[in-house]
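Dumped my_file-v4.cif below, it's mmCIF, C-alpha atoms and all ligand atoms:
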data_model
#
loop_
_atom_site.label_atom_id
_atom_site.label_comp_id
_atom_site.auth_asym_id
_atom_site.auth_seq_id
_atom_site.Cartn_x
_atom_site.Cartn_y
_atom_site.Cartn_z
CA MET A 1 160.22 62.95 27.32
CA LYS A 2 156.75 64.50 27.62
CA ILE A 3 154.98 64.34 30.96
CA VAL A 4 151.88 65.85 32.51
CA LEU A 5 151.72 66.83 36.18
CA LEU A 6 148.21 66.55 37.59
CA GLY A 7 146.91 67.30 41.03
CA PRO A 8 144.50 69.48 42.95
CA PRO A 9 145.06 73.22 43.13
CA GLY A 10 147.89 73.85 45.56
CA SER A 11 149.50 70.44 45.12
CA GLY A 12 152.67 72.10 43.88
CA LYS A 13 152.37 71.22 40.18
CA GLY A 14 153.66 74.66 39.18
CA THR A 15 156.55 74.59 41.65
CA GLN A 16 157.59 71.12 40.50
CA ALA A 17 157.31 72.03 36.81
CA GLN A 18 159.40 75.14 37.44
CA LEU A 19 162.04 73.02 39.16
CA LEU A 20 162.23 70.66 36.19
CA ALA A 21 162.54 73.70 33.93
CA ASN A 22 165.15 75.62 35.95
CA ARG A 23 167.25 72.70 37.11
CA ASP A 24 166.95 70.17 34.34
CA GLY A 25 166.20 72.39 31.33
CA TRP A 26 162.72 71.10 30.61
CA THR A 27 160.26 73.21 28.65
CA TRP A 28 157.35 74.17 30.92
CA PHE A 29 153.83 74.65 29.60
CA SER A 30 151.30 76.02 32.11
CA THR A 31 147.84 76.93 30.86
CA GLY A 32 147.11 78.66 34.19
CA ASP A 33 150.11 81.00 33.77
CA ILE A 34 149.26 81.72 30.14
CA LEU A 35 145.67 82.52 31.12
CA ARG A 36 146.75 84.79 34.00
CA HIS A 37 149.12 86.58 31.63
CA GLU A 38 146.32 86.92 29.07
CA LEU A 39 143.99 88.38 31.70
CA LYS A 40 146.32 91.33 32.20
CA ARG A 41 145.47 92.39 28.64
CA ASP A 42 142.19 93.63 27.30
CA SER A 43 141.99 91.07 24.49
CA GLU A 44 138.98 89.21 23.17
CA ARG A 45 140.42 86.01 24.65
CA ALA A 46 140.78 87.72 28.05
CA ARG A 47 137.11 88.67 27.95
CA SER A 48 136.04 85.12 27.15
CA VAL A 49 138.14 83.44 29.87
CA ARG A 50 137.92 85.97 32.74
CA GLY A 51 134.66 84.70 34.28
CA HIS A 52 135.84 81.07 34.28
CA VAL A 53 139.23 81.75 35.86
CA GLU A 54 137.99 84.17 38.53
CA THR A 55 135.27 81.81 39.76
CA GLY A 56 137.44 78.69 39.67
CA GLY A 57 135.60 77.19 36.69
CA LEU A 58 137.16 75.61 33.63
CA VAL A 59 137.98 77.49 30.47
CA PRO A 60 136.39 75.70 27.46
CA ASP A 61 138.47 72.93 25.88
CA GLU A 62 138.59 74.68 22.46
CA ILE A 63 140.38 77.72 23.92
CA ILE A 64 142.79 75.58 25.94
CA LEU A 65 143.61 73.38 22.96
CA GLU A 66 144.21 76.49 20.87
CA LEU A 67 146.82 77.61 23.45
CA ALA A 68 148.41 74.15 23.33
CA ARG A 69 148.48 74.13 19.52
CA ASP A 70 150.17 77.57 19.44
CA PHE A 71 152.70 76.46 22.04
CA LEU A 72 153.55 73.13 20.38
CA ALA A 73 154.02 74.85 17.02
CA GLY A 74 157.16 76.43 18.52
CA HIS A 75 158.28 73.81 21.08
CA ARG A 76 158.05 70.27 19.85
CA ASP A 77 161.42 68.86 20.76
CA GLY A 78 163.06 67.98 24.02
CA ASN A 79 161.53 67.37 27.40
CA ILE A 80 158.20 69.07 28.08
CA VAL A 81 156.27 69.22 31.33
CA PHE A 82 152.58 70.06 31.00
CA ASP A 83 151.28 71.73 34.16
CA GLY A 84 147.54 72.05 34.79
CA PHE A 85 146.80 70.77 31.30
CA PRO A 86 145.06 68.56 30.31
CA ARG A 87 142.26 68.93 32.82
CA THR A 88 139.48 67.08 30.97
CA PRO A 89 139.38 63.86 28.91
CA GLY A 90 138.64 66.05 25.87
CA GLN A 91 141.86 68.01 26.45
CA ALA A 92 143.79 64.76 27.04
CA ALA A 93 142.60 63.35 23.71
CA GLY A 94 143.32 66.71 22.04
CA LEU A 95 146.87 66.74 23.40
CA ASP A 96 147.53 63.20 22.14
CA LEU A 97 146.35 64.31 18.71
CA LEU A 98 148.59 67.39 18.77
CA LEU A 99 151.58 65.27 19.84
CA GLY A 100 150.78 62.56 17.33
CA GLY A 101 151.07 59.93 20.09
CA ARG A 102 150.84 59.52 23.81
CA LEU A 103 152.75 61.15 26.63
CA ASP A 104 155.48 59.28 28.50
CA TRP A 105 154.01 59.75 31.99
CA ALA A 106 150.94 61.18 33.70
CA VAL A 107 151.99 61.91 37.28
CA PHE A 108 149.26 62.63 39.83
CA ILE A 109 150.38 64.58 42.91
CA GLU A 110 147.99 63.54 45.67
CA LEU A 111 146.70 65.76 48.51
CA THR A 112 143.46 65.83 50.51
CA GLU A 113 141.04 68.78 50.48
CA ALA A 114 142.10 69.83 54.02
CA GLN A 115 145.76 69.84 52.94
CA VAL A 116 144.87 71.89 49.85
CA ILE A 117 143.02 74.53 51.87
CA GLU A 118 145.87 74.79 54.35
CA ARG A 119 148.38 75.28 51.56
CA LEU A 120 146.45 77.72 49.42
CA THR A 121 145.43 80.08 52.16
CA GLY A 122 149.17 80.73 52.64
CA ARG A 123 150.03 81.18 48.96
CA TRP A 124 151.44 84.50 47.75
CA VAL A 125 152.44 85.31 44.19
CA CYS A 126 154.69 88.01 42.78
CA GLY A 127 152.63 90.49 40.76
CA ARG A 128 155.52 91.01 38.35
CA CYS A 129 157.46 87.75 37.76
CA GLY A 130 154.89 85.19 38.94
CA GLU A 131 157.20 83.51 41.50
CA THR A 132 155.08 81.68 44.09
CA PHE A 133 155.69 81.58 47.86
CA ASN A 134 153.96 79.84 50.72
CA THR A 135 154.05 81.09 54.27
CA ALA A 136 154.27 77.51 55.60
CA VAL A 137 156.61 75.65 53.24
CA HIS A 138 158.40 78.29 51.15
CA PRO A 139 158.20 81.74 52.79
CA PRO A 140 159.76 84.79 51.11
CA ARG A 141 162.94 86.05 52.80
CA GLU A 142 161.18 89.37 53.50
CA GLN A 143 157.45 89.34 54.23
CA GLY A 144 155.33 90.51 51.29
CA ILE A 145 158.33 90.99 48.95
CA CYS A 146 159.47 88.76 46.06
CA ASP A 147 162.94 87.22 46.60
CA ARG A 148 163.64 87.29 42.90
CA CYS A 149 162.52 90.70 41.62
CA ARG A 150 161.70 92.58 44.86
CA ASP A 151 158.18 93.43 43.68
CA LYS A 152 155.13 93.17 45.97
CA LEU A 153 153.52 89.78 46.65
CA VAL A 154 149.77 89.47 46.17
CA LEU A 155 147.12 86.83 46.87
CA ARG A 156 145.65 85.13 43.82
CA LEU A 157 141.99 86.09 43.32
CA ASP A 158 141.05 82.43 42.83
CA ASP A 159 142.69 81.45 46.15
CA ALA A 160 139.76 82.86 48.16
CA PRO A 161 138.44 80.01 50.41
CA ASP A 162 135.07 79.53 48.63
CA VAL A 163 136.79 79.55 45.24
CA ILE A 164 139.36 77.00 46.50
CA LYS A 165 136.52 74.68 47.52
CA ALA A 166 134.90 75.01 44.09
CA ARG A 167 138.23 74.34 42.35
CA PHE A 168 138.89 71.26 44.50
CA ALA A 169 135.39 69.87 43.87
CA LEU A 170 135.86 70.36 40.14
CA TYR A 171 139.25 68.64 40.27
CA ARG A 172 137.80 65.61 42.12
CA GLN A 173 135.07 65.32 39.54
CA LEU A 174 137.51 65.14 36.62
CA ARG A 175 140.46 63.46 38.29
CA ASP A 176 139.12 59.92 38.01
CA GLN A 177 138.24 60.36 34.34
CA LEU A 178 141.76 61.55 33.57
CA TYR A 179 143.24 58.79 35.72
CA ASP A 180 141.27 56.19 33.75
CA TYR A 181 142.26 57.78 30.44
CA TYR A 182 145.97 57.53 31.25
CA ALA A 183 145.64 54.18 33.04
CA ARG A 184 144.35 52.73 29.78
CA GLN A 185 147.65 53.89 28.22
CA SER A 186 149.59 52.37 31.17
CA ILE A 187 151.39 55.64 31.90
CA VAL A 188 149.87 56.66 35.27
CA ARG A 189 151.84 57.12 38.48
CA THR A 190 150.73 58.72 41.74
CA VAL A 191 153.06 60.48 44.15
CA ASP A 192 152.47 61.69 47.70
CA GLY A 193 152.17 65.50 47.63
CA THR A 194 153.17 66.08 51.26
CA GLY A 195 156.65 66.99 52.46
CA SER A 196 159.23 69.43 51.14
CA ILE A 197 159.59 70.63 47.55
CA GLU A 198 162.74 68.49 47.25
CA ASP A 199 160.96 65.39 48.61
CA ILE A 200 158.21 65.71 46.01
CA HIS A 201 160.71 66.43 43.23
CA ALA A 202 162.58 63.24 44.13
CA ARG A 203 159.35 61.22 44.04
CA ILE A 204 158.47 62.63 40.63
CA THR A 205 161.85 62.05 39.00
CA ALA A 206 161.90 58.52 40.48
CA VAL A 207 158.96 57.76 38.16
CA TRP A 208 161.20 57.67 35.10
CA GLY A 209 164.41 56.99 36.98
CA SER A 210 163.13 53.58 37.97
CA SER A 211 161.48 52.67 34.67
P1 LIG B 301 146.02 76.81 37.60
O1 LIG B 301 147.05 77.88 37.79
O2 LIG B 301 146.51 75.67 36.77
O3 LIG B 301 145.40 76.38 38.90
O4 LIG B 301 144.83 77.48 36.75
C1 LIG B 301 144.12 78.62 37.22
C2 LIG B 301 142.76 78.67 36.52
O5 LIG B 301 142.92 78.78 35.09
C3 LIG B 301 141.88 77.42 36.71
O6 LIG B 301 141.15 77.47 37.93
C4 LIG B 301 140.98 77.48 35.48
O7 LIG B 301 139.97 78.46 35.62
C5 LIG B 301 141.95 77.99 34.40
N1 LIG B 301 142.66 76.86 33.72
C6 LIG B 301 144.00 76.60 33.76
N2 LIG B 301 144.30 75.52 33.02
C7 LIG B 301 143.13 75.08 32.49
C8 LIG B 301 142.78 73.98 31.65
N3 LIG B 301 143.71 73.10 31.21
N4 LIG B 301 141.47 73.83 31.33
C9 LIG B 301 140.54 74.70 31.75
N5 LIG B 301 140.79 75.75 32.56
C10 LIG B 301 142.07 75.96 32.93
#

Go through the file and emit its structure as structure tokens.
Ligand code: AMP
Amino acid sequence: MKIVLLGPPGSGKGTQAQLLANRDGWTWFSTGDILRHELKRDSERARSVRGHVETGGLVPDEIILELARDFLAGHRDGNIVFDGFPRTPGQAAGLDLLLGGRLDWAVFIELTEAQVIERLTGRWVCGRCGETFNTAVHPPREQGICDRCRDKLVLRLDDAPDVIKARFALYRQLRDQLYDYYARQSIVRTVDGTGSIEDIHARITAVWGSS
């Protein structure tokens, strides 16, 4: 099965994709993580994406589709969860072309802007392994320290309040276009993004469990 998880920044797409990967053995493809990893290097790609990522803007479709092509060249089989990709109708069409057909499900995790701001201002990420924590819903056992690798937790640069607002506005602008794209393929489902990580996981897996 191939699914895409969509939702505003902070809706828990990454956490839910990670759960599918760790618990159920899915392959997890996150353009955001790949880009953040890339930014730690001084590559030509890093130079061309840095401005977009740090200001909450979108990286051009060509670069994103190049990442997807490279990834799919090595991971075609089995269950794949796409997290934070596609983000534009152009990327959605590009992904269908790369897959040679459509996805099984496009699942939208729904949250309001106020809920997003509340969540993201409490988000901390491990500088080494990338594990994400949230002071409200998933706090680390020891403040400021990663449970998994014991490295220091840091705030994401693009989680500054003005950048969050820009990212949410951009999401709203493109959300309906993506919704329509996948609605035409009859593969859209929406799930409530409030509640615990387990609650949301159960709502997501119910999408194919009940089909
Ligand atoms: P995320 O971790 O998915 O919120 O992504 C962090 C940032 O990376 C976004 O705010 C964008 O600047 C960039 N990004 C990630 N995925 C994409 C994508 N599919 N298309 C364009 N930009 C992306």

Ligand LIG 301 (chain B) neighbours within 10 Å using only C-alpha atoms and all ligand atoms, as a ChimeraX atom specification: /A:6-14,30-36,49-65,67-68,82-88,90-92,156-159,163-164,166-168,170-171

Saved selection, atoms kept: C-alpha atoms, as a PDB file, in the frame of the given file:
ATOM      1  CA  LEU A   6     148.210  66.550  37.590  1.00  0.00           C
ATOM      2  CA  GLY A   7     146.910  67.300  41.030  1.00  0.00           C
ATOM      3  CA  PRO A   8     144.500  69.480  42.950  1.00  0.00           C
ATOM      4  CA  PRO A   9     145.060  73.220  43.130  1.00  0.00           C
ATOM      5  CA  GLY A  10     147.890  73.850  45.560  1.00  0.00           C
ATOM      6  CA  SER A  11     149.500  70.440  45.120  1.00  0.00           C
ATOM      7  CA  GLY A  12     152.670  72.100  43.880  1.00  0.00           C
ATOM      8  CA  LYS A  13     152.370  71.220  40.180  1.00  0.00           C
ATOM      9  CA  GLY A  14     153.660  74.660  39.180  1.00  0.00           C
ATOM     10  CA  SER A  30     151.300  76.020  32.110  1.00  0.00           C
ATOM     11  CA  THR A  31     147.840  76.930  30.860  1.00  0.00           C
ATOM     12  CA  GLY A  32     147.110  78.660  34.190  1.00  0.00           C
ATOM     13  CA  ASP A  33     150.110  81.000  33.770  1.00  0.00           C
ATOM     14  CA  ILE A  34     149.260  81.720  30.140  1.00  0.00           C
ATOM     15  CA  LEU A  35     145.670  82.520  31.120  1.00  0.00           C
ATOM     16  CA  ARG A  36     146.750  84.790  34.000  1.00  0.00           C
ATOM     17  CA  VAL A  49     138.140  83.440  29.870  1.00  0.00           C
ATOM     18  CA  ARG A  50     137.920  85.970  32.740  1.00  0.00           C
ATOM     19  CA  GLY A  51     134.660  84.700  34.280  1.00  0.00           C
ATOM     20  CA  HIS A  52     135.840  81.070  34.280  1.00  0.00           C
ATOM     21  CA  VAL A  53     139.230  81.750  35.860  1.00  0.00           C
ATOM     22  CA  GLU A  54     137.990  84.170  38.530  1.00  0.00           C
ATOM     23  CA  THR A  55     135.270  81.810  39.760  1.00  0.00           C
ATOM     24  CA  GLY A  56     137.440  78.690  39.670  1.00  0.00           C
ATOM     25  CA  GLY A  57     135.600  77.190  36.690  1.00  0.00           C
ATOM     26  CA  LEU A  58     137.160  75.610  33.630  1.00  0.00           C
ATOM     27  CA  VAL A  59     137.980  77.490  30.470  1.00  0.00           C
ATOM     28  CA  PRO A  60     136.390  75.700  27.460  1.00  0.00           C
ATOM     29  CA  ASP A  61     138.470  72.930  25.880  1.00  0.00           C
ATOM     30  CA  GLU A  62     138.590  74.680  22.460  1.00  0.00           C
ATOM     31  CA  ILE A  63     140.380  77.720  23.920  1.00  0.00           C
ATOM     32  CA  ILE A  64     142.790  75.580  25.940  1.00  0.00           C
ATOM     33  CA  LEU A  65     143.610  73.380  22.960  1.00  0.00           C
ATOM     34  CA  LEU A  67     146.820  77.610  23.450  1.00  0.00           C
ATOM     35  CA  ALA A  68     148.410  74.150  23.330  1.00  0.00           C
ATOM     36  CA  PHE A  82     152.580  70.060  31.000  1.00  0.00           C
ATOM     37  CA  ASP A  83     151.280  71.730  34.160  1.00  0.00           C
ATOM     38  CA  GLY A  84     147.540  72.050  34.790  1.00  0.00           C
ATOM     39  CA  PHE A  85     146.800  70.770  31.300  1.00  0.00           C
ATOM     40  CA  PRO A  86     145.060  68.560  30.310  1.00  0.00           C
ATOM     41  CA  ARG A  87     142.260  68.930  32.820  1.00  0.00           C
ATOM     42  CA  THR A  88     139.480  67.080  30.970  1.00  0.00           C
ATOM     43  CA  GLY A  90     138.640  66.050  25.870  1.00  0.00           C
ATOM     44  CA  GLN A  91     141.860  68.010  26.450  1.00  0.00           C
ATOM     45  CA  ALA A  92     143.790  64.760  27.040  1.00  0.00           C
ATOM     46  CA  ARG A 156     145.650  85.130  43.820  1.00  0.00           C
ATOM     47  CA  LEU A 157     141.990  86.090  43.320  1.00  0.00           C
ATOM     48  CA  ASP A 158     141.050  82.430  42.830  1.00  0.00           C
ATOM     49  CA  ASP A 159     142.690  81.450  46.150  1.00  0.00           C
ATOM     50  CA  VAL A 163     136.790  79.550  45.240  1.00  0.00           C
ATOM     51  CA  ILE A 164     139.360  77.000  46.500  1.00  0.00           C
ATOM     52  CA  ALA A 166     134.900  75.010  44.090  1.00  0.00           C
ATOM     53  CA  ARG A 167     138.230  74.340  42.350  1.00  0.00           C
ATOM     54  CA  PHE A 168     138.890  71.260  44.500  1.00  0.00           C
ATOM     55  CA  LEU A 170     135.860  70.360  40.140  1.00  0.00           C
ATOM     56  CA  TYR A 171     139.250  68.640  40.270  1.00  0.00           C
TER      57      TYR A 171
END

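With only C-alpha atoms as the atoms that count, the minimum distance from A:Gly78 to the choices A:Tyr182, A:Phe108, A:Trp124, A:Trp28 is reached by A:Trp28.
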
Distance query A:Gly195 at most 12 Å, all atoms listed in the file, self and fewer than 5 positions along chain excluded, as a PyMOL selection string: chain A and resi 11-12+109-111+115+119+136-138+200-203

Pick from A:Val207, A:Ala169, A:Ala93, A:Cys146 nearest to A:Tyr181, counting all atoms listed in the file: A:Ala93

Between atom CA of A:Ala17 and atom CA of A:Ala46, distance in Å (one decimal): 24.4 Å

Proximity to A:Trp105 - best of A:Ser196, A:Thr190, A:Ser48, A:Asn22, all atoms listed in the file: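 Distance minimum relative to A:Trp105 lands on A:Thr190.
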
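Rounded to one decimal, atom CA of A:Arg23 and atom CA of A:Ile80 lie 13.3 Å from each other.
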
Atomic separation - atom CA of A:Arg172 relative to atom CA of A:Asp96, Å: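 Computed distance, atom CA of A:Asp96 to atom CA of A:Arg172, equals 22.4 Å.
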
Counting all atoms listed in the file, the residue of A:Asp77, A:Asp147, A:Asp70, A:Glu113 that sits nearest A:Trp26: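 Nearest to A:Trp26: A:Asp77.
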
A:Arg69 environment, 10 Å, only C-alpha atoms, sequence neighbours closer than 3 positions dropped, as a PyMOL selection string: chain A and resi 63-66+72-75+94-95+98-99

Of the listed residues A:Val107, A:Ala206, A:Leu97, A:Leu153, that which approaches A:Ala183 most closely, counting all atoms listed in the file: A:Val107

Pick from A:Leu120, A:Val125, A:Ala106, A:Ile204, whichever lies nearest to A:Lys165 using all atoms listed in the file: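 Of A:Leu120, A:Val125, A:Ala106, A:Ile204, the one nearest A:Lys165 is A:Leu120, counting all atoms listed in the file.
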
Output, as AutoDock Vina command-line options, the centre and edge lengths in Å (one decimal) of the axis-aligned box that contains all listed atoms of stretch 119-137 of chain A with 8 Å of margin on each side.
--center_x 151.4 --center_y 83.1 --center_z 46.7 --size_x 28.0 --size_y 31.7 --size_z 33.8

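Residues surrounding A:Pro140 within 12 Å are Gly122, Arg123, Trp124, Val125, Cys126, Glu131, Thr132, Phe133, Asn134, Thr135, Ile145, Cys146, Asp147, Arg148, Cys149, Arg150, Asp151, Lys152 and Leu153 of chain A [all atoms listed in the file; sequence separation below 5 positions excluded].
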